[in-house]
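File shown: upload.pdb. Contents: PDB, C-alpha atoms and all ligand atoms.
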ATOM      1  CA  MET A  23       0.000   0.000   0.000
ATOM      2  CA  THR A  24       1.366   3.407  -0.980
ATOM      3  CA  PRO A  25       1.271   5.771   1.992
ATOM      4  CA  THR A  26      -1.043   8.767   1.629
ATOM      5  CA  VAL A  27       0.742  12.094   1.724
ATOM      6  CA  PRO A  28      -1.429  15.115   2.568
ATOM      7  CA  PRO A  29      -0.643  18.566   1.163
ATOM      8  CA  PHE A  30       1.634  20.474   3.507
ATOM      9  CA  ALA A  31       1.816  24.198   4.278
ATOM     10  CA  GLU A  32       5.056  26.194   4.322
ATOM     11  CA  LEU A  33       6.305  28.609   6.964
ATOM     12  CA  ALA A  34       9.676  30.386   6.739
ATOM     13  CA  ALA A  35      11.071  31.488  10.096
ATOM     14  CA  PRO A  36      11.795  35.240  10.135
ATOM     15  CA  ALA A  37      15.547  35.943  10.158
ATOM     16  CA  HIS A  38      15.458  37.408  13.689
ATOM     17  CA  TRP A  39      14.284  34.157  15.326
ATOM     18  CA  ARG A  40      17.118  32.641  17.353
ATOM     19  CA  THR A  41      15.187  30.066  19.385
ATOM     20  CA  VAL A  42      12.017  28.136  18.613
ATOM     21  CA  ASP A  43      10.152  25.855  21.061
ATOM     22  CA  PHE A  44       7.853  22.942  20.219
ATOM     23  CA  ILE A  45       5.407  21.600  22.801
ATOM     24  CA  SER A  46       2.338  19.361  22.599
ATOM     25  CA  ASP A  47       0.094  17.098  24.642
ATOM     26  CA  LEU A  48      -0.108  19.266  27.750
ATOM     27  CA  HIS A  49      -3.739  18.124  28.063
ATOM     28  CA  LEU A  50      -4.489  21.200  30.198
ATOM     29  CA  GLN A  51      -7.542  20.723  32.422
ATOM     30  CA  ALA A  52      -8.815  22.254  35.643
ATOM     31  CA  SER A  53      -8.318  18.970  37.529
ATOM     32  CA  GLU A  54      -4.533  19.061  36.877
ATOM     33  CA  PRO A  55      -3.500  22.388  38.485
ATOM     34  CA  ALA A  56       0.203  21.500  38.735
ATOM     35  CA  THR A  57       0.517  21.048  34.963
ATOM     36  CA  VAL A  58      -1.437  24.262  34.355
ATOM     37  CA  ALA A  59       0.894  26.141  36.727
ATOM     38  CA  ALA A  60       3.965  24.674  34.999
ATOM     39  CA  CYS A  61       2.598  25.783  31.628
ATOM     40  CA  LEU A  62       1.935  29.320  32.843
ATOM     41  CA  HIS A  63       5.435  29.550  34.292
ATOM     42  CA  TYR A  64       6.925  28.165  31.085
ATOM     43  CA  LEU A  65       5.043  30.734  28.963
ATOM     44  CA  GLN A  66       6.479  33.537  31.116
ATOM     45  CA  ALA A  67      10.022  32.184  31.324
ATOM     46  CA  THR A  68      10.875  30.735  27.920
ATOM     47  CA  PRO A  69      13.548  32.581  25.949
ATOM     48  CA  ALA A  70      11.964  31.375  22.680
ATOM     49  CA  ASP A  71      11.156  33.824  19.875
ATOM     50  CA  ALA A  72       8.353  31.509  18.800
ATOM     51  CA  ILE A  73       6.395  28.698  20.440
ATOM     52  CA  PHE A  74       4.746  26.025  18.314
ATOM     53  CA  LEU A  75       1.795  24.435  20.119
ATOM     54  CA  LEU A  76       1.471  21.160  18.223
ATOM     55  CA  GLY A  77      -1.880  19.928  19.458
ATOM     56  CA  ASP A  78      -3.657  18.563  22.526
ATOM     57  CA  ILE A  79      -2.658  21.643  24.495
ATOM     58  CA  PHE A  80      -6.140  21.340  26.001
ATOM     59  CA  GLU A  81      -7.571  18.050  27.276
ATOM     60  CA  VAL A  82     -10.740  19.013  25.483
ATOM     61  CA  TRP A  83     -12.094  22.015  23.580
ATOM     62  CA  VAL A  84     -15.866  22.064  23.200
ATOM     63  CA  GLY A  85     -16.182  25.357  21.305
ATOM     64  CA  ASP A  86     -14.773  28.879  21.212
ATOM     65  CA  ASP A  87     -17.863  30.185  23.022
ATOM     66  CA  ALA A  88     -16.344  28.738  26.223
ATOM     67  CA  LEU A  89     -14.166  31.888  26.180
ATOM     68  CA  GLN A  90     -17.216  34.119  26.593
ATOM     69  CA  ASP A  91     -17.638  32.783  30.124
ATOM     70  CA  PRO A  92     -15.003  34.863  31.972
ATOM     71  CA  GLY A  93     -14.735  32.387  34.852
ATOM     72  CA  SER A  94     -14.170  29.379  32.624
ATOM     73  CA  PHE A  95     -10.986  27.340  32.643
ATOM     74  CA  GLU A  96     -10.546  28.083  28.943
ATOM     75  CA  ALA A  97     -10.761  31.857  29.558
ATOM     76  CA  GLN A  98      -8.152  31.646  32.337
ATOM     77  CA  VAL A  99      -5.622  29.730  30.223
ATOM     78  CA  CYS A 100      -6.259  31.909  27.182
ATOM     79  CA  ALA A 101      -5.518  35.063  29.203
ATOM     80  CA  GLN A 102      -2.041  33.587  29.767
ATOM     81  CA  LEU A 103      -1.642  32.640  26.102
ATOM     82  CA  GLN A 104      -2.671  36.177  25.177
ATOM     83  CA  ALA A 105       0.015  37.595  27.492
ATOM     84  CA  ALA A 106       2.636  35.225  26.034
ATOM     85  CA  ALA A 107       1.636  36.258  22.500
ATOM     86  CA  GLN A 108       2.714  39.821  23.396
ATOM     87  CA  ARG A 109       6.257  38.570  24.019
ATOM     88  CA  CYS A 110       6.761  35.954  21.314
ATOM     89  CA  ALA A 111       5.086  34.474  18.258
ATOM     90  CA  LEU A 112       2.615  31.687  19.022
ATOM     91  CA  TYR A 113       1.474  29.064  16.507
ATOM     92  CA  PHE A 114      -1.195  26.442  17.077
ATOM     93  CA  MET A 115      -1.885  23.159  15.307
ATOM     94  CA  HIS A 116      -4.939  21.063  16.190
ATOM     95  CA  GLY A 117      -4.648  17.836  18.140
ATOM     96  CA  ASN A 118      -7.324  15.168  18.391
ATOM     97  CA  ARG A 119      -8.550  16.689  21.710
ATOM     98  CA  ASP A 120      -8.610  20.365  20.776
ATOM     99  CA  PHE A 121      -9.542  20.090  17.095
ATOM    100  CA  LEU A 122     -12.552  22.345  17.680
ATOM    101  CA  ALA A 123     -10.365  25.313  18.685
ATOM    102  CA  GLY A 124     -11.393  27.793  16.011
ATOM    103  CA  ASN A 125     -10.676  31.235  14.621
ATOM    104  CA  ALA A 126     -12.315  33.005  17.560
ATOM    105  CA  PHE A 127      -9.889  31.219  19.899
ATOM    106  CA  LEU A 128      -6.907  32.133  17.704
ATOM    107  CA  GLN A 129      -7.940  35.782  17.387
ATOM    108  CA  HIS A 130      -8.751  36.072  21.086
ATOM    109  CA  CYS A 131      -5.260  34.854  22.029
ATOM    110  CA  GLY A 132      -3.286  36.437  19.177
ATOM    111  CA  ILE A 133      -2.160  33.019  17.912
ATOM    112  CA  THR A 134      -1.567  32.003  14.291
ATOM    113  CA  GLY A 135      -3.188  28.740  13.211
ATOM    114  CA  LEU A 136      -1.105  26.157  11.350
ATOM    115  CA  PRO A 137      -2.396  23.417   9.038
ATOM    116  CA  ASP A 138      -1.296  19.850   9.803
ATOM    117  CA  PRO A 139       1.295  19.152   8.417
ATOM    118  CA  THR A 140       3.413  22.301   7.965
ATOM    119  CA  VAL A 141       7.047  22.604   6.889
ATOM    120  CA  LEU A 142       9.033  25.110   8.958
ATOM    121  CA  THR A 143      12.211  26.381   7.364
ATOM    122  CA  PHE A 144      14.687  27.526  10.018
ATOM    123  CA  ALA A 145      18.384  28.295   9.459
ATOM    124  CA  GLY A 146      18.183  26.735   6.000
ATOM    125  CA  GLN A 147      16.782  23.416   7.290
ATOM    126  CA  ARG A 148      13.304  22.033   6.665
ATOM    127  CA  TYR A 149      11.362  20.573   9.606
ATOM    128  CA  LEU A 150       8.033  18.836   9.070
ATOM    129  CA  LEU A 151       5.581  19.572  11.893
ATOM    130  CA  SER A 152       2.482  17.512  12.673
ATOM    131  CA  HIS A 153       0.359  16.582  15.662
ATOM    132  CA  GLY A 154       0.964  12.965  14.649
ATOM    133  CA  ASP A 155      -2.499  11.418  14.845
ATOM    134  CA  LEU A 156      -2.868  11.237  11.048
ATOM    135  CA  LEU A 157       0.249   9.046  10.913
ATOM    136  CA  CYS A 158      -1.124   6.423  13.321
ATOM    137  CA  ILE A 159      -2.799   4.629  10.423
ATOM    138  CA  ASP A 160      -3.298   1.335  12.285
ATOM    139  CA  ASP A 161      -5.823   3.071  14.560
ATOM    140  CA  THR A 162      -8.584   2.590  11.985
ATOM    141  CA  ASP A 163     -11.497   3.354  14.363
ATOM    142  CA  TYR A 164      -9.918   6.681  15.220
ATOM    143  CA  GLN A 165      -9.097   7.506  11.584
ATOM    144  CA  ARG A 166     -12.769   6.962  10.715
ATOM    145  CA  PHE A 167     -13.856   9.227  13.585
ATOM    146  CA  ARG A 168     -11.264  11.823  12.531
ATOM    147  CA  VAL A 169     -12.688  12.122   8.996
ATOM    148  CA  GLN A 170     -16.192  12.533  10.425
ATOM    149  CA  ALA A 171     -15.251  14.969  13.203
ATOM    150  CA  ARG A 172     -13.253  17.233  10.856
ATOM    151  CA  SER A 173     -16.259  17.632   8.544
ATOM    152  CA  SER A 174     -18.152  20.914   8.782
ATOM    153  CA  ALA A 175     -21.479  19.034   9.001
ATOM    154  CA  TRP A 176     -20.377  17.129  12.139
ATOM    155  CA  GLN A 177     -18.871  20.264  13.688
ATOM    156  CA  GLN A 178     -21.949  22.401  12.998
ATOM    157  CA  GLN A 179     -24.165  19.761  14.537
ATOM    158  CA  PHE A 180     -21.943  19.408  17.636
ATOM    159  CA  LEU A 181     -21.489  23.162  18.117
ATOM    160  CA  SER A 182     -25.220  23.830  17.744
ATOM    161  CA  GLN A 183     -25.804  22.168  21.137
ATOM    162  CA  PRO A 184     -25.742  24.179  24.374
ATOM    163  CA  LEU A 185     -22.281  24.549  25.966
ATOM    164  CA  ALA A 186     -23.312  22.514  29.034
ATOM    165  CA  VAL A 187     -24.446  19.613  26.818
ATOM    166  CA  ARG A 188     -21.155  19.685  24.911
ATOM    167  CA  ARG A 189     -19.178  19.689  28.174
ATOM    168  CA  ALA A 190     -21.152  16.682  29.430
ATOM    169  CA  GLN A 191     -20.559  14.794  26.170
ATOM    170  CA  ALA A 192     -16.832  15.536  26.351
ATOM    171  CA  ARG A 193     -16.732  14.188  29.942
ATOM    172  CA  GLY A 194     -18.412  10.985  28.758
ATOM    173  CA  ILE A 195     -15.905  10.492  25.933
ATOM    174  CA  ARG A 196     -13.042  11.164  28.331
ATOM    175  CA  GLN A 197     -14.320   8.578  30.836
ATOM    176  CA  GLU A 198     -14.533   6.018  28.027
ATOM    177  CA  SER A 199     -10.976   6.721  26.949
ATOM    178  CA  GLU A 200      -9.735   6.563  30.571
ATOM    179  CA  ALA A 201     -11.443   3.169  30.957
ATOM    180  CA  ARG A 202      -9.785   1.982  27.746
ATOM    181  CA  LYS A 203      -6.383   3.135  29.052
ATOM    182  CA  GLN A 204      -6.975   1.384  32.421
ATOM    183  CA  SER A 205      -7.875  -1.830  30.624
ATOM    184  CA  GLY A 206      -4.381  -1.871  29.129
ATOM    185  CA  ALA A 207      -5.326  -1.065  25.527
ATOM    186  CA  ILE A 208      -2.313  -0.903  23.194
ATOM    187  CA  TYR A 209      -2.264   2.325  21.205
ATOM    188  CA  ALA A 210      -1.175   2.521  17.590
ATOM    189  CA  ASP A 211       2.107   4.280  16.907
ATOM    190  CA  VAL A 212       3.261   6.362  13.946
ATOM    191  CA  ASP A 213       3.622   4.335  10.756
ATOM    192  CA  HIS A 214       7.246   4.593   9.662
ATOM    193  CA  ALA A 215       6.595   4.091   5.923
ATOM    194  CA  SER A 216       4.102   6.961   6.004
ATOM    195  CA  ALA A 217       6.470   9.177   7.988
ATOM    196  CA  ILE A 218       9.226   8.546   5.414
ATOM    197  CA  ALA A 219       6.822   9.284   2.524
ATOM    198  CA  TRP A 220       5.735  12.556   4.181
ATOM    199  CA  LEU A 221       9.342  13.640   4.760
ATOM    200  CA  GLN A 222      10.395  12.809   1.206
ATOM    201  CA  ALA A 223       7.398  14.648  -0.301
ATOM    202  CA  ALA A 224       8.126  17.665   1.899
ATOM    203  CA  GLY A 225      11.854  17.658   1.205
ATOM    204  CA  ALA A 226      12.406  17.670   4.950
ATOM    205  CA  HIS A 227      14.849  15.643   7.078
ATOM    206  CA  THR A 228      13.150  15.808  10.460
ATOM    207  CA  LEU A 229       9.549  15.136  11.470
ATOM    208  CA  ILE A 230       8.544  16.694  14.796
ATOM    209  CA  HIS A 231       5.280  15.454  16.306
ATOM    210  CA  GLY A 232       3.438  14.619  19.514
ATOM    211  CA  HIS A 233       0.239  12.650  20.126
ATOM    212  CA  THR A 234       1.758   9.258  20.986
ATOM    213  CA  HIS A 235       3.194  10.257  24.408
ATOM    214  CA  ARG A 236       6.280   8.217  23.494
ATOM    215  CA  PRO A 237       9.088  10.810  23.489
ATOM    216  CA  ALA A 238      12.061   9.442  21.534
ATOM    217  CA  ASP A 239      14.332  10.194  18.580
ATOM    218  CA  HIS A 240      13.976   7.630  15.775
ATOM    219  CA  THR A 241      16.173   7.257  12.704
ATOM    220  CA  LEU A 242      13.732   6.300   9.914
ATOM    221  CA  ALA A 243      16.273   6.049   7.087
ATOM    222  CA  PRO A 244      19.720   7.545   6.495
ATOM    223  CA  GLY A 245      19.305  11.302   7.028
ATOM    224  CA  LEU A 246      15.605  11.071   7.999
ATOM    225  CA  GLN A 247      14.503  11.272  11.617
ATOM    226  CA  ARG A 248      11.357  11.408  13.700
ATOM    227  CA  VAL A 249      11.486  13.383  16.934
ATOM    228  CA  VAL A 250       8.575  12.705  19.290
ATOM    229  CA  LEU A 251       7.539  15.340  21.832
ATOM    230  CA  SER A 252       6.847  14.480  25.470
ATOM    231  CA  ASP A 253       3.409  14.833  26.970
ATOM    232  CA  TRP A 254       3.219  16.927  30.141
ATOM    233  CA  ASP A 255       2.306  15.785  33.650
ATOM    234  CA  ALA A 256       3.670  17.880  36.505
ATOM    235  CA  ALA A 257       2.167  15.525  39.098
ATOM    236  CA  ALA A 258       3.972  12.439  37.758
ATOM    237  CA  LEU A 259       7.092  11.165  39.546
ATOM    238  CA  PRO A 260       9.382  12.317  38.064
ATOM    239  CA  PRO A 261       7.391  15.150  36.443
ATOM    240  CA  ARG A 262       7.097  15.072  32.660
ATOM    241  CA  LEU A 263       7.621  18.678  31.569
ATOM    242  CA  GLU A 264       9.698  19.263  28.494
ATOM    243  CA  THR A 265      10.093  21.526  25.496
ATOM    244  CA  LEU A 266      11.939  20.650  22.306
ATOM    245  CA  ARG A 267      14.117  23.677  21.545
ATOM    246  CA  LEU A 268      15.518  24.547  18.124
ATOM    247  CA  SER A 269      18.401  26.981  17.713
ATOM    248  CA  ALA A 270      21.396  27.377  15.382
ATOM    249  CA  ALA A 271      22.943  24.475  17.349
ATOM    250  CA  GLY A 272      20.066  22.155  16.369
ATOM    251  CA  LEU A 273      17.373  20.417  18.392
ATOM    252  CA  GLU A 274      17.613  19.936  22.144
ATOM    253  CA  ARG A 275      15.201  18.559  24.747
ATOM    254  CA  VAL A 276      14.931  20.972  27.678
ATOM    255  CA  ALA A 277      13.495  19.767  30.995
ATOM    256  CA  LEU A 278      11.316  22.380  32.700
ATOM    257  CA  ALA A 279      11.013  22.980  36.432
ATOM    258  CA  PRO A 280       7.686  21.984  38.021
ATOM    259  CA  MET A 281       7.484  25.392  39.829
ATOM    260  CA  TYR A 282       4.497  24.298  41.833
ATOM    261  CA  GLN A 283       4.264  22.760  45.284
ATOM    262  CA  PRO A 284       0.876  21.275  46.166
ATOM    263  CA  SER A 285      -0.118  22.712  49.551
TER
HETATM  264 MN    MN B 301      -3.250  13.622  20.368
END

Now, as a test, write the supplied structure out as structure tokens.
Ligand code: MN
Amino acid sequence: MTPTVPPFAELAAPAHWRTVDFISDLHLQASEPATVAACLHYLQATPADAIFLLGDIFEVWVGDDALQDPGSFEAQVCAQLQAAAQRCALYFMHGNRDFLAGNAFLQHCGITGLPDPTVLTFAGQRYLLSHGDLLCIDDTDYQRFRVQARSSAWQQQFLSQPLAVRRAQARGIRQESEARKQSGAIYADVDHASAIAWLQAAGAHTLIHGHTHRPADHTLAPGLQRVVLSDWDAAALPPRLETLRLSAAGLERVALAPMYQPS
């Protein structure tokens, strides 16, 4: 089977960028305050000229109208993203949890949306950026859901429901997925043949993605690599808090301080 290669967007880093950060899979939610605090501290402290948020920043996003409720969790996090966007360039790519984050969210925060996948050219090198879910082709149930849930008909139908109904539905889906995790379900990983086909079509040497929560550097073929971002969990022992940092020296994983002591 010939791997499917989607069209990819292009982004050229402005010449003044010295440092670029990539993060994904923070799964921010009100019930995980330590991870939220670590994210807020990171946004204030990073020396990066640009931060690429490569999906699943939020555990769930049920619609941009959640921002209109000033006390909502979404509004609180977005106030911090808005502040960070004053200091550095922010880019956002959808994950499978926050795929409903729309233009109102982007405009509210001052973030630029990125199609999945996008090629970033930095210091003369081409990096292919993706959330990663599209490459997990063995997860056929999910791929079917993905096609449906990215259609405007499905989204219009979902978003037409009251916010409280959408939140309840999202909780139900989350409980199902937690139960699946507890039962020891094996999750599909990125398909290497597809990753190689994407890189070759894009003329890129390095694929940077999240989604799988399996941080590692893989050599796919001579000169082609796949760099997997870490998920975040400040309450884990040891905490999982990491950014992938790109500079003239190349890519480097940077561990972040938890910066939060539960009282
Ligand atoms: Mn994901």

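Taking only C-alpha atoms into account, the polymer residues that have an atom no farther than 10 Å from (-2.6, 23.8, 14.4) are A:Phe74, A:Leu75, A:Leu76, A:Gly77, A:Asp78, A:Tyr113, A:Phe114, A:Met115, A:His116, A:Gly117, A:Asp120, A:Phe121, A:Ala123, A:Gly124, A:Leu128, A:Ile133, A:Thr134, A:Gly135, A:Leu136, A:Pro137, A:Asp138, A:Pro139, A:Thr140, A:Leu151, A:Ser152, A:His153.
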
Set the distance at 12 Å and use only C-alpha atoms: which residues neighbour Leu122 (chain A) once local chain neighbours fewer than 3 positions away are removed? I'd like the list as an MDAnalysis selection string. chainID A and resid 77:78 80:88 115:119 125:128 168 171:174 176:178 180:181 188 192

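Here CA of His214 (chain A) and CA of Thr265 (chain A) stand 23.4 Å from one another.
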
Might you spell out which residues the PyMOL selection byres (((chain A and resi 63) around 10) and not hetatm) would select in the displayed file, as a VMD selection string? chain A and resid 57 to 62 64 to 68 102 278 to 282

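Here the PyMOL selection byres (((chain A and resi 160) around 12) and not hetatm) catches exactly these residues: A:Asp155, A:Leu156, A:Leu157, A:Cys158, A:Ile159, A:Asp161, A:Thr162, A:Asp163, A:Tyr164, A:Gln165, A:Arg166, A:Ile208, A:Tyr209, A:Ala210, A:Asp211, A:Val212, A:Asp213, A:His214, A:Ser216.
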
Exactly which residues make up the result of the PyMOL selection byres (((chain A and resi 238) around 7) and not hetatm) on this file, given as number ranges by chain? A: 236-237, 239-240, 249-250

Keeping C-alpha atoms for every residue in the selection just given, could you write it to a file as a PDB file, in the coordinates of the input?
ATOM      1  CA  ARG A 236       6.280   8.217  23.494  1.00  0.00           C
ATOM      2  CA  PRO A 237       9.088  10.810  23.489  1.00  0.00           C
ATOM      3  CA  ASP A 239      14.332  10.194  18.580  1.00  0.00           C
ATOM      4  CA  HIS A 240      13.976   7.630  15.775  1.00  0.00           C
ATOM      5  CA  VAL A 249      11.486  13.383  16.934  1.00  0.00           C
ATOM      6  CA  VAL A 250       8.575  12.705  19.290  1.00  0.00           C
TER       7      VAL A 250
END

Close residues, Pro244 (chain A) itself excluded, 12 Å, only C-alpha atoms, min 2 positions apart in chain, as a PyMOL selection string: chain A and resi 218+222+227-228+240-242+246-248

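With only C-alpha atoms and all ligand atoms as the atoms that count, the residue of A:Leu251, A:Leu33, A:Ala105, A:Leu266 with the shortest distance to ligand MN 301 (chain B) is A:Leu251.
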
Output requested as a PDB file, in the coordinates of the input - region 124-152 of chain A, filled out with N, CA and C atoms.
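Saved as result05.pdb:
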ATOM      1  N   GLY A 124     -11.130  27.138  17.298  1.00  0.00           N
ATOM      2  CA  GLY A 124     -11.393  27.793  16.011  1.00  0.00           C
ATOM      3  C   GLY A 124     -10.780  29.176  15.896  1.00  0.00           C
ATOM      4  N   ASN A 125     -11.243  29.909  14.888  1.00  0.00           N
ATOM      5  CA  ASN A 125     -10.676  31.235  14.621  1.00  0.00           C
ATOM      6  C   ASN A 125     -10.916  32.220  15.760  1.00  0.00           C
ATOM      7  N   ALA A 126     -12.048  32.088  16.444  1.00  0.00           N
ATOM      8  CA  ALA A 126     -12.315  33.005  17.560  1.00  0.00           C
ATOM      9  C   ALA A 126     -11.283  32.796  18.670  1.00  0.00           C
ATOM     10  N   PHE A 127     -10.941  31.539  18.918  1.00  0.00           N
ATOM     11  CA  PHE A 127      -9.889  31.219  19.899  1.00  0.00           C
ATOM     12  C   PHE A 127      -8.559  31.839  19.462  1.00  0.00           C
ATOM     13  N   LEU A 128      -8.200  31.633  18.198  1.00  0.00           N
ATOM     14  CA  LEU A 128      -6.907  32.133  17.704  1.00  0.00           C
ATOM     15  C   LEU A 128      -6.847  33.662  17.803  1.00  0.00           C
ATOM     16  N   GLN A 129      -7.919  34.311  17.367  1.00  0.00           N
ATOM     17  CA  GLN A 129      -7.940  35.782  17.387  1.00  0.00           C
ATOM     18  C   GLN A 129      -7.925  36.305  18.812  1.00  0.00           C
ATOM     19  N   HIS A 130      -8.685  35.664  19.680  1.00  0.00           N
ATOM     20  CA  HIS A 130      -8.751  36.072  21.086  1.00  0.00           C
ATOM     21  C   HIS A 130      -7.349  36.063  21.716  1.00  0.00           C
ATOM     22  N   CYS A 131      -6.573  35.022  21.398  1.00  0.00           N
ATOM     23  CA  CYS A 131      -5.260  34.854  22.029  1.00  0.00           C
ATOM     24  C   CYS A 131      -4.137  35.539  21.248  1.00  0.00           C
ATOM     25  N   GLY A 132      -4.368  35.887  19.999  1.00  0.00           N
ATOM     26  CA  GLY A 132      -3.286  36.437  19.177  1.00  0.00           C
ATOM     27  C   GLY A 132      -2.343  35.348  18.677  1.00  0.00           C
ATOM     28  N   ILE A 133      -2.922  34.186  18.364  1.00  0.00           N
ATOM     29  CA  ILE A 133      -2.160  33.019  17.912  1.00  0.00           C
ATOM     30  C   ILE A 133      -2.427  32.811  16.420  1.00  0.00           C
ATOM     31  N   THR A 134      -1.410  32.343  15.702  1.00  0.00           N
ATOM     32  CA  THR A 134      -1.567  32.003  14.291  1.00  0.00           C
ATOM     33  C   THR A 134      -1.840  30.500  14.161  1.00  0.00           C
ATOM     34  N   GLY A 135      -2.877  30.146  13.436  1.00  0.00           N
ATOM     35  CA  GLY A 135      -3.188  28.740  13.211  1.00  0.00           C
ATOM     36  C   GLY A 135      -2.285  28.136  12.150  1.00  0.00           C
ATOM     37  N   LEU A 136      -1.955  26.871  12.319  1.00  0.00           N
ATOM     38  CA  LEU A 136      -1.105  26.157  11.350  1.00  0.00           C
ATOM     39  C   LEU A 136      -1.833  24.923  10.852  1.00  0.00           C
ATOM     40  N   PRO A 137      -1.857  24.690   9.538  1.00  0.00           N
ATOM     41  CA  PRO A 137      -2.396  23.417   9.038  1.00  0.00           C
ATOM     42  C   PRO A 137      -1.478  22.257   9.434  1.00  0.00           C
ATOM     43  N   ASP A 138      -2.049  21.080   9.499  1.00  0.00           N
ATOM     44  CA  ASP A 138      -1.296  19.850   9.803  1.00  0.00           C
ATOM     45  C   ASP A 138      -1.225  19.019   8.530  1.00  0.00           C
ATOM     46  N   PRO A 139      -0.043  18.761   7.947  1.00  0.00           N
ATOM     47  CA  PRO A 139       1.295  19.152   8.417  1.00  0.00           C
ATOM     48  C   PRO A 139       1.762  20.479   7.808  1.00  0.00           C
ATOM     49  N   THR A 140       2.775  21.065   8.445  1.00  0.00           N
ATOM     50  CA  THR A 140       3.413  22.301   7.965  1.00  0.00           C
ATOM     51  C   THR A 140       4.926  22.093   7.960  1.00  0.00           C
ATOM     52  N   VAL A 141       5.582  22.616   6.917  1.00  0.00           N
ATOM     53  CA  VAL A 141       7.047  22.604   6.889  1.00  0.00           C
ATOM     54  C   VAL A 141       7.544  23.945   7.409  1.00  0.00           C
ATOM     55  N   LEU A 142       8.374  23.905   8.437  1.00  0.00           N
ATOM     56  CA  LEU A 142       9.033  25.110   8.958  1.00  0.00           C
ATOM     57  C   LEU A 142      10.468  25.133   8.441  1.00  0.00           C
ATOM     58  N   THR A 143      10.820  26.219   7.774  1.00  0.00           N
ATOM     59  CA  THR A 143      12.211  26.381   7.364  1.00  0.00           C
ATOM     60  C   THR A 143      12.901  27.307   8.364  1.00  0.00           C
ATOM     61  N   PHE A 144      13.945  26.783   8.985  1.00  0.00           N
ATOM     62  CA  PHE A 144      14.687  27.526  10.018  1.00  0.00           C
ATOM     63  C   PHE A 144      16.168  27.293   9.780  1.00  0.00           C
ATOM     64  N   ALA A 145      16.928  28.369   9.685  1.00  0.00           N
ATOM     65  CA  ALA A 145      18.384  28.295   9.459  1.00  0.00           C
ATOM     66  C   ALA A 145      18.711  27.376   8.275  1.00  0.00           C
ATOM     67  N   GLY A 146      17.912  27.487   7.227  1.00  0.00           N
ATOM     68  CA  GLY A 146      18.183  26.735   6.000  1.00  0.00           C
ATOM     69  C   GLY A 146      17.778  25.267   6.034  1.00  0.00           C
ATOM     70  N   GLN A 147      17.194  24.818   7.154  1.00  0.00           N
ATOM     71  CA  GLN A 147      16.782  23.416   7.290  1.00  0.00           C
ATOM     72  C   GLN A 147      15.256  23.325   7.282  1.00  0.00           C
ATOM     73  N   ARG A 148      14.758  22.219   6.737  1.00  0.00           N
ATOM     74  CA  ARG A 148      13.304  22.033   6.665  1.00  0.00           C
ATOM     75  C   ARG A 148      12.838  20.998   7.699  1.00  0.00           C
ATOM     76  N   TYR A 149      11.922  21.427   8.552  1.00  0.00           N
ATOM     77  CA  TYR A 149      11.362  20.573   9.606  1.00  0.00           C
ATOM     78  C   TYR A 149       9.881  20.376   9.326  1.00  0.00           C
ATOM     79  N   LEU A 150       9.445  19.133   9.313  1.00  0.00           N
ATOM     80  CA  LEU A 150       8.033  18.836   9.070  1.00  0.00           C
ATOM     81  C   LEU A 150       7.316  18.704  10.416  1.00  0.00           C
ATOM     82  N   LEU A 151       6.297  19.531  10.617  1.00  0.00           N
ATOM     83  CA  LEU A 151       5.581  19.572  11.893  1.00  0.00           C
ATOM     84  C   LEU A 151       4.191  18.967  11.738  1.00  0.00           C
ATOM     85  N   SER A 152       3.809  18.122  12.701  1.00  0.00           N
ATOM     86  CA  SER A 152       2.482  17.512  12.673  1.00  0.00           C
ATOM     87  C   SER A 152       2.064  17.207  14.110  1.00  0.00           C
TER      88      SER A 152
END
